[in-house]
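The block underneath contains the structure these notes are about, expressed in structure tokens.
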Amino acid sequence: MTPVVTRFAPSPTGHLHVGGARTALFCWAYARGHGGRFLLRIEDTDQKRSSEDAARGILEDLAWLGIHWDEGPTWVPRDSVAGLDAPPIGGDHRHVGPFFQARRLDIYNRHLDRMIEADLAYPAFDTAEELDALRREAAARKATFRYRRAPDYDRDACLRRYKAGEACVVRFRMPDEPVRVTDAVLGEIDFTEEHLDDFVLRKADGFPTYHLAVVVDDELMGVTHVLRGQEHLNNTPRHVALQRALGFRTPVYAHMPLIFNPDGSKMSKRDKDKAIRRAMPAAADTQASVMAATSLSPSDLATWLADKTRQLPTDALLSIARALDLSLPEIDVEDFRRSGYLPETLCNYLALLGWNPGLKNADGTDLERFDMAFLAEHFSLERIGRSNAKFDRDKLLAFNQAAIAALDPDDFEQRWREWCDRYDPDLPAILGDRFALAARAVQPRIRTLGQGREPIAFALIAEDAVRYDEKAVEKHLRKGDPTGLAVLRDFLPTLESLADFTPEAIDAAAKAFCESRSLGMGRLAQPLRVALTGSTVSPGLGETLGLIGRGGAARRIRRCLDSC
Ligand code: GLU
């Protein structure tokens, strides 16, 4: 039996989208579950839109997700000075590289020459005007434009011009008969003539089109299973026809459902631009002040506002969102990382977009929480769904919250620190040696690592910045016998004389204090919270006090006694 080989083949034209990440994950899982190999190939034949920076970003995102490839480019961290031309990884199978298509032009040309010779492909010299005229003529007939070789095509003359080096494209001679695609998810689909044309194999710039490169590489790299999104389904008959012409095998195809937002729109990179457009104030001067946060000129802004298909660079989107105090919908893997999702949780959730293990928990509910090892073991093409998948953000948040809460505390502290180092380096700097304690207070109270500031916000502000919630003051400080203020005054010396200012020692002292005065814990805890944080919501008492520190706590209590 031929060993299973899958591949993820992103085009490095931008960030890795969750849809791409799901494809990579399924390819990885299928290869792992079948003792096969998972390849990573960078499809950078679109020279205008591809960039090395985007390729690096994709490698980094995959590595972060834990989707490790057996063969492919060597990952170098994004901030490293090393280029991407390090020898590829891949043990015994290195011979199938290089894994950047732009470095494989001679390979494509070899196959193309063979096809031209056999008249399976042919040079075409149409000018842009001629192609436009053909398009207009098809539109007048209300037909979709399909390029076909003209009956009077003069092959000898064209080959002479081709050999003389005249600029041209090379097109595939699409056979006339319909093409049947057998898909492991969607079954058999017949593509008739009207879907098929003599598509371009090599562009005038000398680079192959996606169709040629993908077919040649899948063959030479021994790919047995092509798993990809349904957006590629219409390309598949082209690929199958090309494989036949070249005498290649046809791999198993499995097209996965598209991913939609809960409102029924397609989950797209443009959603971030859409969110900003919606929140953008109408007045020109306010717009200008928002845009001041970016390096965009007024004319860039006007063009972007006028054309809904345009996208702003990520940096600009983030600065505007910050200026508008808006949180952008996460679309790319990097967005989820920035928001503070755990990679294993994101993978778990992505695996459920269009697939499920079909197993139950002991309580009869669907089994939905699993790790990568489980996915590799259970993933099967048979259980990939046909209908669109819905991206349910609340569900992902619930997964993430549960996963954060379940982490070993030391592990949580380390991951939160890593997250902060990358996205919020001020926070560890402000917290200093209180970071470990902050982690302990934060872990049970957040849904994403990015929410870490919220539960400890009181510890990050100056003493005189505490704003007291009037209702809480009334209820917890001014009422009761003794009043909260009196309890605070009474407790202050105990607090100041504590030998050990750890959460445990503080909690024990608070408990002993209340018992000695026959007070319920709430009679001390709530006034303390109001005095220290301004409100009654805060982590445990010991943690709250510990984070503020002995001196700070005493000063906050005194300030409250003086002003409330
Ligand atoms: N390069 C293509 C893309 O990024 C994927 C090609 C394929 O999976 O066949 O969409």
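Naming scheme: A, B, ... for chains in displayed order of the structure tokens; residues 1 onward per chain; ligands 1 onward as shown.
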Inset, instruction - Counting only C-alpha atoms and all ligand atoms, name the residues that have an atom within 8 Å of an atom of ligand 1; the answer should be given as a list of chain:residue names. - result: A:Arg7, A:Phe8, A:Ala9, A:Pro10, A:Ser11, A:Pro12, A:Gly20, A:Ile42, A:Glu43, A:Tyr210, A:Val214, A:Val226, A:Leu227, A:Arg228, A:Gly229, A:His232
Residues from the last selection, C-alpha atoms, saved as a tab-separated table (two decimals), in the first residue's frame:
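Wrote selection-v1.tsv, looks like this:
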chain	number	residue	atom	x	y	z
A	7	ARG	CA	-0.09	18.47	2.07
A	8	PHE	CA	-1.05	21.94	3.15
A	9	ALA	CA	-0.31	24.36	0.36
A	10	PRO	CA	-0.94	27.96	1.41
A	11	SER	CA	-0.35	30.93	-0.85
A	12	PRO	CA	1.72	33.44	1.13
A	20	GLY	CA	-6.56	27.54	6.15
A	42	ILE	CA	4.39	27.33	-0.12
A	43	GLU	CA	2.51	28.30	-3.27
A	210	TYR	CA	-1.70	27.59	-9.59
A	214	VAL	CA	-0.38	22.18	-7.90
A	226	VAL	CA	-5.86	16.34	-1.19
A	227	LEU	CA	-7.98	17.85	1.58
A	228	ARG	CA	-8.98	21.43	0.92
A	229	GLY	CA	-11.87	23.86	1.20
A	232	HIS	CA	-11.44	24.87	-4.65
Inset, instruction - Just the residues within 8 Å of Asp183 (chain A), please, counting only C-alpha atoms, with nothing from its chain fewer than 2 positions along; format it as a list in words. - result: Val181, Val185, Leu186, Gly187, Glu188, Ile189, Val252, Tyr253, Ala254 and His255 of chain A
Go ahead and save the residues from that selection, with all heavy atoms, as a CSV table (one decimal), in the first residue's frame.
chain,number,residue,atom,x,y,z
A,181,VAL,N,-15.5,14.2,-11.2
A,181,VAL,CA,-14.6,14.3,-10.0
A,181,VAL,C,-15.2,13.4,-8.9
A,181,VAL,O,-16.4,13.5,-8.6
A,181,VAL,CB,-14.5,15.8,-9.5
A,181,VAL,CG1,-13.9,15.8,-8.1
A,181,VAL,CG2,-13.8,16.6,-10.5
A,185,VAL,N,-16.0,13.4,0.2
A,185,VAL,CA,-17.1,14.0,1.0
A,185,VAL,C,-18.3,14.2,0.2
A,185,VAL,O,-19.4,13.9,0.6
A,185,VAL,CB,-16.6,15.4,1.5
A,185,VAL,CG1,-17.7,16.1,2.3
A,185,VAL,CG2,-15.3,15.2,2.4
A,186,LEU,N,-18.2,14.7,-1.1
A,186,LEU,CA,-19.3,15.2,-1.8
A,186,LEU,C,-19.8,14.1,-2.8
A,186,LEU,O,-20.8,14.3,-3.5
A,186,LEU,CB,-19.0,16.5,-2.5
A,186,LEU,CG,-18.5,17.6,-1.6
A,186,LEU,CD1,-17.9,18.7,-2.4
A,186,LEU,CD2,-19.7,18.1,-0.8
A,187,GLY,N,-19.1,13.0,-3.0
A,187,GLY,CA,-19.5,12.0,-3.9
A,187,GLY,C,-19.0,12.3,-5.3
A,187,GLY,O,-18.0,13.0,-5.5
A,188,GLU,N,-19.8,11.9,-6.3
A,188,GLU,CA,-19.3,12.1,-7.7
A,188,GLU,C,-20.0,13.3,-8.3
A,188,GLU,O,-21.2,13.5,-8.2
A,188,GLU,CB,-19.7,10.9,-8.6
A,188,GLU,CG,-18.9,9.7,-8.2
A,188,GLU,CD,-19.1,8.5,-9.1
A,188,GLU,OE1,-20.1,8.4,-9.7
A,188,GLU,OE2,-18.1,7.7,-9.1
A,189,ILE,N,-19.2,14.1,-8.9
A,189,ILE,CA,-19.7,15.4,-9.5
A,189,ILE,C,-19.2,15.5,-10.9
A,189,ILE,O,-18.0,15.3,-11.2
A,189,ILE,CB,-19.2,16.6,-8.7
A,189,ILE,CG1,-19.5,16.4,-7.2
A,189,ILE,CG2,-19.8,17.9,-9.2
A,189,ILE,CD1,-18.6,17.3,-6.4
A,252,VAL,N,-6.8,11.1,-3.9
A,252,VAL,CA,-8.2,11.2,-3.3
A,252,VAL,C,-8.5,12.6,-3.0
A,252,VAL,O,-7.6,13.3,-2.4
A,252,VAL,CB,-8.2,10.3,-2.0
A,252,VAL,CG1,-9.6,10.5,-1.3
A,252,VAL,CG2,-7.9,8.9,-2.3
A,253,TYR,N,-9.6,13.1,-3.4
A,253,TYR,CA,-10.0,14.5,-3.1
A,253,TYR,C,-11.0,14.5,-2.0
A,253,TYR,O,-11.9,13.7,-1.9
A,253,TYR,CB,-10.6,15.2,-4.3
A,253,TYR,CG,-9.5,15.7,-5.2
A,253,TYR,CD1,-9.2,15.0,-6.4
A,253,TYR,CD2,-8.7,16.8,-5.0
A,253,TYR,CE1,-8.2,15.4,-7.3
A,253,TYR,CE2,-7.7,17.2,-5.8
A,253,TYR,CZ,-7.5,16.5,-7.0
A,253,TYR,OH,-6.5,16.9,-7.8
A,254,ALA,N,-10.9,15.4,-1.0
A,254,ALA,CA,-11.9,15.6,0.0
A,254,ALA,C,-12.1,17.1,0.2
A,254,ALA,O,-11.1,17.8,0.7
A,254,ALA,CB,-11.5,15.0,1.3
A,255,HIS,N,-13.2,17.7,-0.2
A,255,HIS,CA,-13.4,19.1,-0.1
A,255,HIS,C,-14.3,19.4,1.1
A,255,HIS,O,-15.3,18.8,1.3
A,255,HIS,CB,-14.1,19.6,-1.4
A,255,HIS,CG,-13.2,19.7,-2.5
A,255,HIS,ND1,-13.1,18.6,-3.4
A,255,HIS,CD2,-12.3,20.6,-3.0
A,255,HIS,CE1,-12.2,18.9,-4.3
A,255,HIS,NE2,-11.7,20.1,-4.1
Legend entry - Contacts of Leu495 (chain A) at 8 Å (only C-alpha atoms; same-chain gap of 5+ positions) as a ChimeraX atom specification: /A:506,509,550,554
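When only C-alpha atoms are used to measure the gap to Asp464 (chain A), the shortest distance among A:Ser563, A:Ser497, A:Thr536, A:Asn400 belongs to A:Ser563.
Nearest to Gln101 (chain A) of all the residues A:Arg160, A:Arg41, A:Lys395, A:Arg244 is A:Arg41, based on only C-alpha atoms.
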Legend entry - All strand (DSSP E or B) residues (DSSP, backbone) inside region 48-231 of chain A, as a ChimeraX atom specification: /A:71-72,89,100,121-124,169-172,179-183,187-191,200-202,208,225-229
Determine, for each residue of region 298-408 of chain A having at least one atom at most 10 Å from an atom of region 420-430 of chain A, the closest pair of atoms and their separation in Å to one decimal, counting only C-alpha atoms; order by chain and ascending number, as a tab-separated table.
residue	atom	partner	partner_atom	distance
A:Arg337	CA	A:Tyr423	CA	9.4
A:Arg338	CA	A:Tyr423	CA	6.7
A:Ser339	CA	A:Tyr423	CA	9.1
A:Gly340	CA	A:Tyr423	CA	9.3
Legend entry - Contact residues around Pro409 (chain A) with only C-alpha atoms at 12 Å, ignoring same-chain residues under 2 positions, as a ChimeraX atom specification: /A:403-407,411-416,436-444
Inset, instruction - List every residue of region 341-505 of chain A that DSSP, applied to the backbone, labels as helix (DSSP H, G or I), and write the result as JSON, numbers by chain. - result: {"A": [343, 344, 345, 346, 347, 348, 349, 350, 351, 372, 373, 374, 375, 376, 377, 378, 381, 382, 383, 393, 394, 395, 396, 397, 398, 399, 400, 401, 402, 403, 404, 405, 406, 409, 410, 411, 412, 413, 414, 415, 416, 417, 418, 419, 420, 421, 422, 423, 426, 427, 428, 429, 430, 431, 432, 433, 434, 435, 436, 437, 438, 439, 440, 441, 442, 443, 444, 445, 449, 450, 451, 454, 455, 456, 457, 458, 459, 460, 463, 464, 465, 470, 471, 472, 473, 474, 475, 476, 477, 478, 484, 485, 486, 487, 488, 489, 490, 491, 492, 493, 494, 495, 496, 503, 504, 505]}
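Contact shell of Ala398 (chain A) at 10 Å (only C-alpha atoms; same-chain neighbours under 6 positions omitted): Thr345, Ile404, Arg447 and Thr448 of chain A.
The shell of residues at most 10 Å from Leu396 (chain A), with only C-alpha atoms counted and near chain neighbours (fewer than 5 positions) removed, consists of Tyr341, Thr345, Leu346, Asn348, Tyr349, Leu350, Phe391, Gln401, Ala402 and Arg447 of chain A.
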Deliver the residues from the most recent selection as a file, using N, CA and C atoms, as a PDB file, in the first residue's frame.
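Result saved to result27.pdb:
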ATOM      1  N   TYR A 341      -6.306  33.178  22.884  1.00  0.00           N
ATOM      2  CA  TYR A 341      -6.808  31.798  22.859  1.00  0.00           C
ATOM      3  C   TYR A 341      -5.622  30.863  22.972  1.00  0.00           C
ATOM      4  N   THR A 345      -6.775  24.796  22.211  1.00  0.00           N
ATOM      5  CA  THR A 345      -8.223  25.016  22.234  1.00  0.00           C
ATOM      6  C   THR A 345      -8.705  25.431  20.849  1.00  0.00           C
ATOM      7  N   LEU A 346      -7.926  26.284  20.210  1.00  0.00           N
ATOM      8  CA  LEU A 346      -8.304  26.714  18.862  1.00  0.00           C
ATOM      9  C   LEU A 346      -8.324  25.498  17.933  1.00  0.00           C
ATOM     10  N   ASN A 348      -8.812  22.376  18.764  1.00  0.00           N
ATOM     11  CA  ASN A 348      -9.971  21.566  19.142  1.00  0.00           C
ATOM     12  C   ASN A 348     -11.236  22.140  18.501  1.00  0.00           C
ATOM     13  N   TYR A 349     -11.388  23.456  18.620  1.00  0.00           N
ATOM     14  CA  TYR A 349     -12.601  24.071  18.073  1.00  0.00           C
ATOM     15  C   TYR A 349     -12.624  23.992  16.537  1.00  0.00           C
ATOM     16  N   LEU A 350     -11.488  24.252  15.917  1.00  0.00           N
ATOM     17  CA  LEU A 350     -11.432  24.205  14.444  1.00  0.00           C
ATOM     18  C   LEU A 350     -11.773  22.803  13.928  1.00  0.00           C
ATOM     19  N   PHE A 391     -19.229  29.335  12.555  1.00  0.00           N
ATOM     20  CA  PHE A 391     -18.204  29.682  13.545  1.00  0.00           C
ATOM     21  C   PHE A 391     -18.882  30.331  14.751  1.00  0.00           C
ATOM     22  N   GLN A 401     -12.196  29.246  28.048  1.00  0.00           N
ATOM     23  CA  GLN A 401     -12.297  29.500  29.483  1.00  0.00           C
ATOM     24  C   GLN A 401     -12.057  28.201  30.260  1.00  0.00           C
ATOM     25  N   ALA A 402     -12.704  27.128  29.818  1.00  0.00           N
ATOM     26  CA  ALA A 402     -12.551  25.849  30.515  1.00  0.00           C
ATOM     27  C   ALA A 402     -11.103  25.367  30.425  1.00  0.00           C
ATOM     28  N   ARG A 447     -11.581  34.478  30.218  1.00  0.00           N
ATOM     29  CA  ARG A 447     -11.918  33.552  29.130  1.00  0.00           C
ATOM     30  C   ARG A 447     -10.805  33.513  28.087  1.00  0.00           C
TER      31      ARG A 447
END
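Pairwise distance (CA of Ile446 (chain A), CA of Leu397 (chain A)) equals 9.8 Å.
Put simply, CA of Leu524 (chain A) is 11.5 Å away from CA of Gly480 (chain A).
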